[in-house]
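start-v3.pdb (PDB, C-alpha atoms) appears below.
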ATOM      1  CA  MET T  25      48.530  26.565 -60.313  1.00  0.00           C
ATOM      2  CA  ASN T  26      51.332  26.753 -57.767  1.00  0.00           C
ATOM      3  CA  SER T  27      53.542  23.668 -57.542  1.00  0.00           C
ATOM      4  CA  PHE T  28      52.649  23.210 -53.884  1.00  0.00           C
ATOM      5  CA  THR T  29      48.847  23.415 -54.262  1.00  0.00           C
ATOM      6  CA  VAL T  30      48.090  20.379 -56.399  1.00  0.00           C
ATOM      7  CA  ASN T  31      44.545  19.068 -56.373  1.00  0.00           C
ATOM      8  CA  ASN T  32      45.009  15.729 -54.602  1.00  0.00           C
ATOM      9  CA  PHE T  33      41.838  14.415 -56.220  1.00  0.00           C
ATOM     10  CA  ASN T  34      43.030  14.880 -59.798  1.00  0.00           C
ATOM     11  CA  LYS T  35      46.478  13.341 -60.168  1.00  0.00           C
ATOM     12  CA  ILE T  36      46.937  11.541 -63.477  1.00  0.00           C
ATOM     13  CA  MET T  37      49.903   9.439 -64.612  1.00  0.00           C
ATOM     14  CA  PHE T  38      50.398   7.961 -68.086  1.00  0.00           C
ATOM     15  CA  ALA T  39      52.600   4.911 -67.601  1.00  0.00           C
ATOM     16  CA  GLY T  40      53.023   1.355 -68.846  1.00  0.00           C
ATOM     17  CA  PRO T  41      56.273  -0.640 -69.042  1.00  0.00           C
ATOM     18  CA  THR T  42      58.109   1.694 -66.652  1.00  0.00           C
ATOM     19  CA  TYR T  43      55.300   1.383 -64.103  1.00  0.00           C
ATOM     20  CA  ALA T  44      55.237  -2.403 -64.631  1.00  0.00           C
ATOM     21  CA  GLY T  45      58.910  -2.545 -63.646  1.00  0.00           C
ATOM     22  CA  LEU T  46      58.365  -1.101 -60.179  1.00  0.00           C
ATOM     23  CA  SER T  47      59.020  -3.594 -57.395  1.00  0.00           C
ATOM     24  CA  ASP T  48      56.166  -2.026 -55.431  1.00  0.00           C
ATOM     25  CA  ARG T  49      53.453  -0.750 -57.751  1.00  0.00           C
ATOM     26  CA  SER T  50      51.223   0.171 -54.839  1.00  0.00           C
ATOM     27  CA  MET T  51      53.385   3.241 -54.251  1.00  0.00           C
ATOM     28  CA  VAL T  52      51.647   4.855 -57.248  1.00  0.00           C
ATOM     29  CA  ALA T  53      48.231   4.516 -55.619  1.00  0.00           C
ATOM     30  CA  ARG T  54      49.638   5.616 -52.246  1.00  0.00           C
ATOM     31  CA  ALA T  55      50.861   8.804 -53.909  1.00  0.00           C
ATOM     32  CA  GLY T  56      47.289   9.390 -55.087  1.00  0.00           C
ATOM     33  CA  PHE T  57      47.738   8.853 -58.828  1.00  0.00           C
ATOM     34  CA  ARG T  58      45.269   7.360 -61.253  1.00  0.00           C
ATOM     35  CA  ILE T  59      47.186   5.311 -63.819  1.00  0.00           C
ATOM     36  CA  LEU T  60      46.324   5.540 -67.505  1.00  0.00           C
ATOM     37  CA  GLU T  61      47.961   3.491 -70.264  1.00  0.00           C
ATOM     38  CA  PRO T  62      50.898   4.968 -72.239  1.00  0.00           C
ATOM     39  CA  ALA T  63      49.804   8.226 -73.835  1.00  0.00           C
ATOM     40  CA  ARG T  64      48.899   8.604 -77.488  1.00  0.00           C
ATOM     41  CA  ARG T  65      47.972  11.692 -79.498  1.00  0.00           C
ATOM     42  CA  GLY T  66      44.758  13.126 -78.067  1.00  0.00           C
ATOM     43  CA  ASP T  67      44.866  11.365 -74.678  1.00  0.00           C
ATOM     44  CA  VAL T  68      45.919  14.506 -72.813  1.00  0.00           C
ATOM     45  CA  GLN T  69      43.431  16.660 -74.703  1.00  0.00           C
ATOM     46  CA  ALA T  70      40.643  14.295 -73.615  1.00  0.00           C
ATOM     47  CA  LEU T  71      41.371  15.092 -69.952  1.00  0.00           C
ATOM     48  CA  LEU T  72      41.279  18.851 -70.190  1.00  0.00           C
ATOM     49  CA  SER T  73      37.572  19.339 -69.612  1.00  0.00           C
ATOM     50  CA  GLY T  74      38.115  18.249 -66.017  1.00  0.00           C
ATOM     51  CA  GLU T  75      39.428  20.268 -63.104  1.00  0.00           C
ATOM     52  CA  PRO T  76      43.156  21.060 -63.487  1.00  0.00           C
ATOM     53  CA  GLY T  77      45.487  19.010 -61.337  1.00  0.00           C
ATOM     54  CA  LEU T  78      48.769  17.159 -61.693  1.00  0.00           C
ATOM     55  CA  LEU T  79      49.534  15.380 -64.965  1.00  0.00           C
ATOM     56  CA  VAL T  80      52.606  13.140 -65.156  1.00  0.00           C
ATOM     57  CA  LEU T  81      53.789  11.707 -68.457  1.00  0.00           C
ATOM     58  CA  VAL T  82      56.037   8.676 -68.093  1.00  0.00           C
ATOM     59  CA  ASP T  83      55.412   6.323 -71.023  1.00  0.00           C
ATOM     60  CA  GLY T  84      53.934   7.030 -74.439  1.00  0.00           C
ATOM     61  CA  ARG T  85      53.163   5.199 -77.663  1.00  0.00           C
ATOM     62  CA  PHE T  86      54.896   6.154 -80.896  1.00  0.00           C
ATOM     63  CA  ASP T  87      55.085   3.093 -83.122  1.00  0.00           C
ATOM     64  CA  GLN T  88      51.653   2.328 -84.603  1.00  0.00           C
ATOM     65  CA  THR T  89      49.983   5.555 -83.526  1.00  0.00           C
ATOM     66  CA  LEU T  90      50.802   9.258 -83.289  1.00  0.00           C
ATOM     67  CA  ALA T  91      52.778  10.239 -80.195  1.00  0.00           C
ATOM     68  CA  VAL T  92      51.319  12.522 -77.540  1.00  0.00           C
ATOM     69  CA  GLY T  93      51.370  16.030 -78.964  1.00  0.00           C
ATOM     70  CA  HIS T  94      53.123  19.206 -77.853  1.00  0.00           C
ATOM     71  CA  ALA T  95      49.978  21.247 -78.475  1.00  0.00           C
ATOM     72  CA  GLU T  96      47.816  19.256 -76.062  1.00  0.00           C
ATOM     73  CA  LEU T  97      50.497  19.411 -73.362  1.00  0.00           C
ATOM     74  CA  ARG T  98      50.836  23.164 -73.895  1.00  0.00           C
ATOM     75  CA  ARG T  99      47.062  23.523 -73.618  1.00  0.00           C
ATOM     76  CA  ALA T 100      47.112  21.628 -70.321  1.00  0.00           C
ATOM     77  CA  LEU T 101      49.701  24.068 -69.004  1.00  0.00           C
ATOM     78  CA  GLU T 102      47.632  27.034 -70.184  1.00  0.00           C
ATOM     79  CA  LEU T 103      44.588  25.671 -68.345  1.00  0.00           C
ATOM     80  CA  GLY T 104      46.473  25.445 -65.064  1.00  0.00           C
ATOM     81  CA  TRP T 105      47.622  21.844 -64.982  1.00  0.00           C
ATOM     82  CA  GLN T 106      51.014  21.113 -63.453  1.00  0.00           C
ATOM     83  CA  VAL T 107      52.689  18.898 -66.065  1.00  0.00           C
ATOM     84  CA  TRP T 108      55.735  16.716 -65.404  1.00  0.00           C
ATOM     85  CA  GLY T 109      57.700  14.318 -67.596  1.00  0.00           C
ATOM     86  CA  LEU T 110      60.234  11.656 -66.747  1.00  0.00           C
ATOM     87  CA  SER T 111      61.832   8.301 -67.605  1.00  0.00           C
ATOM     88  CA  SER T 112      60.796   7.774 -71.220  1.00  0.00           C
ATOM     89  CA  MET T 113      58.471   9.704 -73.547  1.00  0.00           C
ATOM     90  CA  GLY T 114      57.851  11.959 -70.555  1.00  0.00           C
ATOM     91  CA  ALA T 115      61.514  12.953 -70.343  1.00  0.00           C
ATOM     92  CA  ILE T 116      61.583  13.614 -74.089  1.00  0.00           C
ATOM     93  CA  ARG T 117      58.570  15.920 -74.025  1.00  0.00           C
ATOM     94  CA  ALA T 118      59.719  17.636 -70.823  1.00  0.00           C
ATOM     95  CA  PHE T 119      63.042  18.467 -72.449  1.00  0.00           C
ATOM     96  CA  GLU T 120      61.385  19.742 -75.615  1.00  0.00           C
ATOM     97  CA  MET T 121      58.907  21.868 -73.635  1.00  0.00           C
ATOM     98  CA  ARG T 122      61.135  22.943 -70.730  1.00  0.00           C
ATOM     99  CA  PHE T 123      60.811  26.619 -71.682  1.00  0.00           C
ATOM    100  CA  LEU T 124      57.014  26.385 -71.929  1.00  0.00           C
ATOM    101  CA  GLY T 125      56.386  25.332 -68.349  1.00  0.00           C
ATOM    102  CA  MET T 126      56.614  21.544 -68.445  1.00  0.00           C
ATOM    103  CA  ARG T 127      58.783  20.186 -65.640  1.00  0.00           C
ATOM    104  CA  GLY T 128      61.305  17.365 -65.988  1.00  0.00           C
ATOM    105  CA  PHE T 129      62.616  14.942 -63.402  1.00  0.00           C
ATOM    106  CA  GLY T 130      65.204  12.196 -63.078  1.00  0.00           C
ATOM    107  CA  ARG T 131      68.453  10.994 -64.556  1.00  0.00           C
ATOM    108  CA  VAL T 132      67.068  10.380 -68.043  1.00  0.00           C
ATOM    109  CA  TYR T 133      65.791  13.961 -68.225  1.00  0.00           C
ATOM    110  CA  GLU T 134      69.119  15.228 -66.879  1.00  0.00           C
ATOM    111  CA  HIS T 135      70.933  13.413 -69.696  1.00  0.00           C
ATOM    112  CA  PHE T 136      68.853  15.311 -72.257  1.00  0.00           C
ATOM    113  CA  LEU T 137      69.881  18.576 -70.580  1.00  0.00           C
ATOM    114  CA  THR T 138      73.620  18.077 -71.099  1.00  0.00           C
ATOM    115  CA  GLY T 139      73.625  19.136 -74.741  1.00  0.00           C
ATOM    116  CA  ASP T 140      75.340  15.862 -75.714  1.00  0.00           C
ATOM    117  CA  ASP T 141      73.906  13.777 -78.519  1.00  0.00           C
ATOM    118  CA  PHE T 142      71.465  11.955 -76.224  1.00  0.00           C
ATOM    119  CA  GLN T 143      68.682  10.861 -78.554  1.00  0.00           C
ATOM    120  CA  ASP T 144      65.135   9.589 -78.198  1.00  0.00           C
ATOM    121  CA  ASP T 145      66.043   6.011 -79.123  1.00  0.00           C
ATOM    122  CA  GLU T 146      68.086   5.725 -75.902  1.00  0.00           C
ATOM    123  CA  VAL T 147      64.860   5.152 -73.964  1.00  0.00           C
ATOM    124  CA  ALA T 148      62.900   3.160 -76.563  1.00  0.00           C
ATOM    125  CA  LEU T 149      62.020  -0.524 -76.184  1.00  0.00           C
ATOM    126  CA  LEU T 150      59.702  -3.070 -77.731  1.00  0.00           C
ATOM    127  CA  HIS T 151      56.957  -4.295 -75.409  1.00  0.00           C
ATOM    128  CA  SER T 152      53.484  -5.777 -75.463  1.00  0.00           C
ATOM    129  CA  THR T 153      50.707  -3.204 -75.795  1.00  0.00           C
ATOM    130  CA  GLU T 154      48.720  -4.339 -72.751  1.00  0.00           C
ATOM    131  CA  GLU T 155      49.566  -5.155 -69.146  1.00  0.00           C
ATOM    132  CA  PRO T 156      51.933  -6.496 -67.996  1.00  0.00           C
ATOM    133  CA  TYR T 157      53.705  -4.696 -70.893  1.00  0.00           C
ATOM    134  CA  THR T 158      56.186  -7.540 -71.389  1.00  0.00           C
ATOM    135  CA  ALA T 159      59.512  -6.177 -72.650  1.00  0.00           C
ATOM    136  CA  PHE T 160      61.092  -7.724 -75.746  1.00  0.00           C
ATOM    137  CA  SER T 161      64.186  -5.495 -75.750  1.00  0.00           C
ATOM    138  CA  GLU T 162      66.185  -3.330 -73.360  1.00  0.00           C
ATOM    139  CA  PRO T 163      66.557   0.470 -73.604  1.00  0.00           C
ATOM    140  CA  LEU T 164      70.075   1.466 -74.588  1.00  0.00           C
ATOM    141  CA  ILE T 165      70.367   3.772 -71.587  1.00  0.00           C
ATOM    142  CA  HIS T 166      70.007   0.731 -69.307  1.00  0.00           C
ATOM    143  CA  LEU T 167      72.753  -1.120 -71.169  1.00  0.00           C
ATOM    144  CA  ARG T 168      75.037   1.900 -70.857  1.00  0.00           C
ATOM    145  CA  TYR T 169      74.605   1.843 -67.086  1.00  0.00           C
ATOM    146  CA  PHE T 170      75.216  -1.912 -67.001  1.00  0.00           C
ATOM    147  CA  LEU T 171      78.536  -1.299 -68.772  1.00  0.00           C
ATOM    148  CA  TYR T 172      79.338   1.528 -66.383  1.00  0.00           C
ATOM    149  CA  GLU T 173      78.906  -0.803 -63.393  1.00  0.00           C
ATOM    150  CA  MET T 174      81.149  -3.359 -65.099  1.00  0.00           C
ATOM    151  CA  GLU T 175      83.814  -0.728 -65.661  1.00  0.00           C
ATOM    152  CA  LYS T 176      83.680   0.383 -62.018  1.00  0.00           C
ATOM    153  CA  SER T 177      84.167  -3.265 -60.986  1.00  0.00           C
ATOM    154  CA  GLY T 178      87.182  -3.647 -63.273  1.00  0.00           C
ATOM    155  CA  GLU T 179      85.454  -6.175 -65.552  1.00  0.00           C
ATOM    156  CA  ILE T 180      85.772  -4.091 -68.708  1.00  0.00           C
ATOM    157  CA  SER T 181      87.939  -1.140 -69.683  1.00  0.00           C
ATOM    158  CA  ALA T 182      86.428   2.240 -70.469  1.00  0.00           C
ATOM    159  CA  ASP T 183      87.663   2.062 -74.061  1.00  0.00           C
ATOM    160  CA  LEU T 184      86.019  -1.307 -74.684  1.00  0.00           C
ATOM    161  CA  ALA T 185      82.821  -0.220 -72.941  1.00  0.00           C
ATOM    162  CA  TRP T 186      82.643   2.747 -75.327  1.00  0.00           C
ATOM    163  CA  LEU T 187      83.005   0.373 -78.279  1.00  0.00           C
ATOM    164  CA  VAL T 188      80.246  -1.918 -77.002  1.00  0.00           C
ATOM    165  CA  ALA T 189      77.904   1.021 -76.436  1.00  0.00           C
ATOM    166  CA  ASP T 190      78.688   2.369 -79.902  1.00  0.00           C
ATOM    167  CA  SER T 191      77.945  -0.997 -81.515  1.00  0.00           C
ATOM    168  CA  LEU T 192      74.558  -1.110 -79.763  1.00  0.00           C
ATOM    169  CA  LYS T 193      73.801   2.474 -80.767  1.00  0.00           C
ATOM    170  CA  ARG T 194      74.076   1.472 -84.424  1.00  0.00           C
ATOM    171  CA  ARG T 195      71.370  -1.179 -83.994  1.00  0.00           C
ATOM    172  CA  TRP T 196      67.612  -0.739 -84.282  1.00  0.00           C
ATOM    173  CA  PHE T 197      66.230  -0.279 -80.783  1.00  0.00           C
ATOM    174  CA  GLY T 198      64.152  -3.461 -81.021  1.00  0.00           C
ATOM    175  CA  ASP T 199      67.309  -5.542 -81.528  1.00  0.00           C
ATOM    176  CA  ARG T 200      68.896  -4.388 -78.277  1.00  0.00           C
ATOM    177  CA  THR T 201      68.206  -7.467 -76.178  1.00  0.00           C
ATOM    178  CA  LEU T 202      70.298  -8.779 -73.302  1.00  0.00           C
ATOM    179  CA  ALA T 203      71.372 -11.689 -75.495  1.00  0.00           C
ATOM    180  CA  VAL T 204      72.658  -9.284 -78.160  1.00  0.00           C
ATOM    181  CA  PHE T 205      74.277  -7.170 -75.434  1.00  0.00           C
ATOM    182  CA  PHE T 206      76.212 -10.126 -74.012  1.00  0.00           C
ATOM    183  CA  GLU T 207      77.264 -11.242 -77.486  1.00  0.00           C
ATOM    184  CA  SER T 208      78.502  -7.715 -78.285  1.00  0.00           C
ATOM    185  CA  ILE T 209      80.615  -7.751 -75.129  1.00  0.00           C
ATOM    186  CA  HIS T 210      81.974 -11.177 -76.134  1.00  0.00           C
ATOM    187  CA  GLN T 211      82.948  -9.994 -79.619  1.00  0.00           C
ATOM    188  CA  ILE T 212      84.493  -6.694 -78.517  1.00  0.00           C
ATOM    189  CA  ALA T 213      85.853  -7.290 -74.998  1.00  0.00           C
ATOM    190  CA  GLY T 214      86.405 -11.040 -74.964  1.00  0.00           C
ATOM    191  CA  VAL T 215      85.239 -14.155 -73.158  1.00  0.00           C
ATOM    192  CA  ARG T 216      86.075 -13.063 -69.601  1.00  0.00           C
ATOM    193  CA  ALA T 217      84.153  -9.800 -69.868  1.00  0.00           C
ATOM    194  CA  ALA T 218      81.167 -11.567 -71.433  1.00  0.00           C
ATOM    195  CA  GLN T 219      81.162 -14.183 -68.681  1.00  0.00           C
ATOM    196  CA  ALA T 220      81.319 -11.454 -66.033  1.00  0.00           C
ATOM    197  CA  ALA T 221      78.331  -9.754 -67.665  1.00  0.00           C
ATOM    198  CA  ARG T 222      76.302 -12.959 -67.776  1.00  0.00           C
ATOM    199  CA  ASN T 223      77.187 -13.755 -64.164  1.00  0.00           C
ATOM    200  CA  GLY T 224      76.156 -10.275 -63.101  1.00  0.00           C
ATOM    201  CA  THR T 225      72.684 -10.167 -64.619  1.00  0.00           C
ATOM    202  CA  ASN T 226      71.348  -8.893 -61.288  1.00  0.00           C
ATOM    203  CA  ARG T 227      72.998  -5.602 -62.256  1.00  0.00           C
ATOM    204  CA  ILE T 228      70.327  -4.957 -64.836  1.00  0.00           C
ATOM    205  CA  GLU T 229      67.867  -4.073 -62.084  1.00  0.00           C
ATOM    206  CA  GLU T 230      70.177  -1.320 -60.838  1.00  0.00           C
ATOM    207  CA  ALA T 231      70.893  -0.231 -64.410  1.00  0.00           C
ATOM    208  CA  ARG T 232      67.202   0.311 -65.223  1.00  0.00           C
ATOM    209  CA  ILE T 233      67.255   4.000 -64.450  1.00  0.00           C
ATOM    210  CA  LYS T 234      63.946   4.674 -66.185  1.00  0.00           C
ATOM    211  CA  ILE T 235      62.272   2.647 -63.449  1.00  0.00           C
ATOM    212  CA  ARG T 236      64.487   4.151 -60.750  1.00  0.00           C
ATOM    213  CA  ASP T 237      63.517   7.646 -61.910  1.00  0.00           C
ATOM    214  CA  LEU T 238      59.826   6.810 -61.485  1.00  0.00           C
ATOM    215  CA  GLN T 239      60.413   5.272 -58.076  1.00  0.00           C
ATOM    216  CA  PHE T 240      62.356   8.306 -56.856  1.00  0.00           C
ATOM    217  CA  PHE T 241      59.732  10.650 -58.291  1.00  0.00           C
ATOM    218  CA  LEU T 242      57.052   8.954 -56.218  1.00  0.00           C
ATOM    219  CA  GLU T 243      59.240   8.844 -53.110  1.00  0.00           C
ATOM    220  CA  SER T 244      60.381  12.473 -53.268  1.00  0.00           C
ATOM    221  CA  SER T 245      57.151  14.200 -54.456  1.00  0.00           C
ATOM    222  CA  PRO T 246      58.949  16.980 -56.396  1.00  0.00           C
ATOM    223  CA  TRP T 247      55.603  18.467 -57.455  1.00  0.00           C
ATOM    224  CA  LEU T 248      55.321  19.787 -53.901  1.00  0.00           C
ATOM    225  CA  ASP T 249      58.650  21.625 -54.133  1.00  0.00           C
ATOM    226  CA  PRO T 250      58.494  24.933 -56.041  1.00  0.00           C
ATOM    227  CA  ASN T 251      62.317  25.077 -55.988  1.00  0.00           C
ATOM    228  CA  HIS T 252      62.969  21.680 -57.525  1.00  0.00           C
ATOM    229  CA  ASP T 253      65.431  21.888 -60.376  1.00  0.00           C
ATOM    230  CA  ALA T 254      67.185  19.319 -62.563  1.00  0.00           C
ATOM    231  CA  ILE T 255      70.950  19.306 -63.041  1.00  0.00           C
ATOM    232  CA  PRO T 256      72.472  18.330 -66.415  1.00  0.00           C
ATOM    233  CA  THR T 257      74.230  14.971 -65.996  1.00  0.00           C
ATOM    234  CA  PRO T 258      76.556  13.338 -68.555  1.00  0.00           C
ATOM    235  CA  CYS T 259      75.491   9.971 -69.963  1.00  0.00           C
ATOM    236  CA  PRO T 260      77.930   7.022 -69.752  1.00  0.00           C
ATOM    237  CA  TYR T 261      79.886   6.450 -72.979  1.00  0.00           C
ATOM    238  CA  LEU T 262      78.260   9.367 -74.739  1.00  0.00           C
ATOM    239  CA  SER T 263      80.096  12.263 -73.085  1.00  0.00           C
ATOM    240  CA  ALA T 264      83.784  12.724 -72.347  1.00  0.00           C
ATOM    241  CA  VAL T 265      82.782  13.029 -68.686  1.00  0.00           C
ATOM    242  CA  THR T 266      81.309  10.068 -66.806  1.00  0.00           C
ATOM    243  CA  PRO T 267      78.371  10.562 -64.410  1.00  0.00           C
TER     244      PRO T 267
END

Entire entry expressed as structure tokens:
Amino acid sequence: MNSFTVNNFNKIMFAGPTYAGLSDRSMVARAGFRILEPARRGDVQALLSGEPGLLVLVDGRFDQTLAVGHAELRRALELGWQVWGLSSMGAIRAFEMRFLGMRGFGRVYEHFLTGDDFQDDEVALLHSTEEPYTAFSEPLIHLRYFLYEMEKSGEISADLAWLVADSLKRRWFGDRTLAVFFESIHQIAGVRAAQAARNGTNRIEEARIKIRDLQFFLESSPWLDPNHDAIPTPCPYLSAVTP
């Protein structure tokens, strides 16, 4: 299937907490997608008896069930589906299957492309299993971008931001809450930096690049562009080069 001849009547998106974070969820329906809950092993396979179309993997389950499999995604590609991944589990699978025809989109995917030690736990979070997918932690990648905005505003030095990010990296992903984040800044960078972080909590919305990637995907419709390509982009406080 050519990237510019997608069946408009068969556009499927697996999404949960990332979709729930959109300020305007109606943009998903306006783009013609049918939303399914975060993908588990076998969910893609169950769709393949239908007419091939556009399949977008955003969120997926991995904790109490098997994660969506490479084999079922490869089979979808073989049957003529256009398969994209972004933001979370989608970006992970798109990176792993980039040479097999799966397409990747967004900043999270671009971080995987750099060759730095950008790992799966960067995008992981604890959340409720049903809508509205209430989040109980914050993905590390969001906290990195929060620190990056603080550094640009002169509220924390680059060296101390690296130390904060490194301390969070050593934690289990479910422990990475905003409260723990602010306390880490307090312990490493001091009272003034911690107060600046707490006073700037509105920054977290800008720092949530998983959600921004989904929003931009829907706004830009890359599946209609056969020449779309992702550019490797360094991750804050993981590469010697800042984004």

Residues matched by the PyMOL selection byres ((chain T and resi 110-115) around 9), written as a ChimeraX atom specification
/T:38,42,63,80-86,91-92,108-109,116-120,127-134,136,144,146-148,233-238,241

Dump as CSV the rows for residues of range 104-171 of chain T within 12 Å of range 217-225 of chain T: closest atom pair and distance in Å with one decimal, only C-alpha atoms counted, ordered by chain and rising residue number.
residue,atom,partner,partner_atom,distance
T:Leu167,CA,T:Ala221,CA,10.9
T:Phe170,CA,T:Ala221,CA,8.5
T:Leu171,CA,T:Ala221,CA,8.5

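Straight-line separation from CA of Leu184 in chain T to CA of Ala159 in chain T: 27.0 Å.
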
Nearest-residue call for Asp67 in chain T, choices T:Ser208, T:Thr89, T:Ser191, T:Ser244, using all atoms listed in the file
T:Thr89

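Straight-line separation from CA of Pro156 in chain T to CA of Gly66 in chain T: 23.2 Å.
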
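One finds CA of Pro256 in chain T at 24.3 Å from CA of Arg227 in chain T.
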
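Among the candidates T:Ala39, T:Ala100, T:Leu150, T:Ala185, the residue lying nearest to Ile212 in chain T is T:Ala185 (atoms considered: only C-alpha atoms).
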
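Proximity ranking of T:Thr257, T:Ser245, T:Ser181, T:Gln239 relative to Asp48 in chain T places T:Gln239 first, based on all atoms listed in the file.
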
Any chance you could work out the residue set of the PyMOL selection byres ((chain T and resi 55) around 9) here, as a ChimeraX atom specification?
/T:35,50-54,56-57,242-243,245

Write out the residues from the selection above, keeping C-alpha atoms, as a compact mmCIF listing (two decimals), keeping the file's coordinate frame.
# COMPACT_ATOMS: atom_id res chain seq x y z
CA LYS T 35 46.48 13.34 -60.17
CA SER T 50 51.22 0.17 -54.84
CA MET T 51 53.38 3.24 -54.25
CA VAL T 52 51.65 4.86 -57.25
CA ALA T 53 48.23 4.52 -55.62
CA ARG T 54 49.64 5.62 -52.25
CA GLY T 56 47.29 9.39 -55.09
CA PHE T 57 47.74 8.85 -58.83
CA LEU T 242 57.05 8.95 -56.22
CA GLU T 243 59.24 8.84 -53.11
CA SER T 245 57.15 14.20 -54.46

Could you work out an axis-aligned box for range 35-48 of chain T, taking every atom the file lists and adding 6 Å on each side, and report centre and edge lengths in Å to one decimal, as lines of an AutoDock Vina configuration file?
center_x = 52.7
center_y = 4.9
center_z = -62.2
size_x = 24.5
size_y = 28.9
size_z = 25.6

When you look at range 72-78 of chain T with a cut-off of 7 Å (counting all atoms listed in the file), what residues show up, excluding the ones that are within fewer than 4 positions of it in the same chain? I need them as a compact mmCIF listing (two decimals) with C-alpha atoms, keeping the file's coordinate frame.
# COMPACT_ATOMS: atom_id res chain seq x y z
CA VAL T 30 48.09 20.38 -56.40
CA ASN T 31 44.54 19.07 -56.37
CA ASN T 34 43.03 14.88 -59.80
CA LYS T 35 46.48 13.34 -60.17
CA ILE T 36 46.94 11.54 -63.48
CA VAL T 68 45.92 14.51 -72.81
CA ALA T 100 47.11 21.63 -70.32
CA LEU T 103 44.59 25.67 -68.34
CA GLY T 104 46.47 25.44 -65.06
CA TRP T 105 47.62 21.84 -64.98
CA GLN T 106 51.01 21.11 -63.45
CA VAL T 107 52.69 18.90 -66.06

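Shortest atom-to-atom contact with Ala254 in chain T among T:His94, T:Asp183, T:Ala44, T:Thr138: T:Thr138, counting all atoms listed in the file.
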
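Distance check against Arg216 in chain T using all atoms listed in the file: of T:Ala231, T:Met174, T:Ala182, T:Leu90, the minimum falls on T:Met174.
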
Return as a CSV table (one decimal) with C-alpha atoms, keeping the file's coordinate frame the set of residues that the PyMOL selection byres ((chain T and resi 201) around 12) yields on the displayed structure.
chain,number,residue,atom,x,y,z
T,148,ALA,CA,62.9,3.2,-76.6
T,149,LEU,CA,62.0,-0.5,-76.2
T,150,LEU,CA,59.7,-3.1,-77.7
T,151,HIS,CA,57.0,-4.3,-75.4
T,159,ALA,CA,59.5,-6.2,-72.6
T,160,PHE,CA,61.1,-7.7,-75.7
T,161,SER,CA,64.2,-5.5,-75.8
T,162,GLU,CA,66.2,-3.3,-73.4
T,163,PRO,CA,66.6,0.5,-73.6
T,164,LEU,CA,70.1,1.5,-74.6
T,166,HIS,CA,70.0,0.7,-69.3
T,167,LEU,CA,72.8,-1.1,-71.2
T,192,LEU,CA,74.6,-1.1,-79.8
T,195,ARG,CA,71.4,-1.2,-84.0
T,196,TRP,CA,67.6,-0.7,-84.3
T,197,PHE,CA,66.2,-0.3,-80.8
T,198,GLY,CA,64.2,-3.5,-81.0
T,199,ASP,CA,67.3,-5.5,-81.5
T,200,ARG,CA,68.9,-4.4,-78.3
T,202,LEU,CA,70.3,-8.8,-73.3
T,203,ALA,CA,71.4,-11.7,-75.5
T,204,VAL,CA,72.7,-9.3,-78.2
T,205,PHE,CA,74.3,-7.2,-75.4
T,206,PHE,CA,76.2,-10.1,-74.0
T,207,GLU,CA,77.3,-11.2,-77.5
T,208,SER,CA,78.5,-7.7,-78.3
T,228,ILE,CA,70.3,-5.0,-64.8

Measuring between only C-alpha atoms, which one of T:Asp145, T:Asp190, T:Asp249, T:Glu61 shows the shortest distance to Tyr43 in chain T?
T:Glu61

Once N, CA and C atoms are restored for range 76-86 of chain T, what would the output be as an mmCIF file, in the frame of the given file?
data_model
loop_
_atom_site.group_PDB
_atom_site.id
_atom_site.type_symbol
_atom_site.label_atom_id
_atom_site.label_comp_id
_atom_site.auth_asym_id
_atom_site.auth_seq_id
_atom_site.Cartn_x
_atom_site.Cartn_y
_atom_site.Cartn_z
ATOM 1 N N PRO T 76 41.695 21.172 -63.392
ATOM 2 C CA PRO T 76 43.156 21.060 -63.487
ATOM 3 C C PRO T 76 43.756 20.436 -62.233
ATOM 4 N N GLY T 77 44.784 19.653 -62.439
ATOM 5 C CA GLY T 77 45.487 19.010 -61.337
ATOM 6 C C GLY T 77 46.927 18.745 -61.723
ATOM 7 N N LEU T 78 47.388 17.558 -61.413
ATOM 8 C CA LEU T 78 48.769 17.159 -61.693
ATOM 9 C C LEU T 78 48.756 16.078 -62.768
ATOM 10 N N LEU T 79 49.450 16.323 -63.856
ATOM 11 C CA LEU T 79 49.534 15.380 -64.965
ATOM 12 C C LEU T 79 50.988 14.963 -65.130
ATOM 13 N N VAL T 80 51.246 13.667 -65.051
ATOM 14 C CA VAL T 80 52.606 13.140 -65.156
ATOM 15 C C VAL T 80 52.689 12.200 -66.349
ATOM 16 N N LEU T 81 53.557 12.531 -67.277
ATOM 17 C CA LEU T 81 53.789 11.707 -68.457
ATOM 18 C C LEU T 81 55.057 10.891 -68.242
ATOM 19 N N VAL T 82 54.892 9.576 -68.217
ATOM 20 C CA VAL T 82 56.037 8.676 -68.093
ATOM 21 C C VAL T 82 56.246 7.953 -69.421
ATOM 22 N N ASP T 83 55.300 7.104 -69.797
ATOM 23 C CA ASP T 83 55.412 6.323 -71.023
ATOM 24 C C ASP T 83 54.431 6.812 -72.083
ATOM 25 N N GLY T 84 54.803 6.647 -73.330
ATOM 26 C CA GLY T 84 53.934 7.030 -74.439
ATOM 27 C C GLY T 84 54.126 6.111 -75.626
ATOM 28 N N ARG T 85 53.100 6.007 -76.447
ATOM 29 C CA ARG T 85 53.163 5.199 -77.663
ATOM 30 C C ARG T 85 53.693 6.049 -78.810
ATOM 31 N N PHE T 86 54.377 5.410 -79.748
ATOM 32 C CA PHE T 86 54.896 6.154 -80.896
ATOM 33 C C PHE T 86 55.019 5.286 -82.136
#
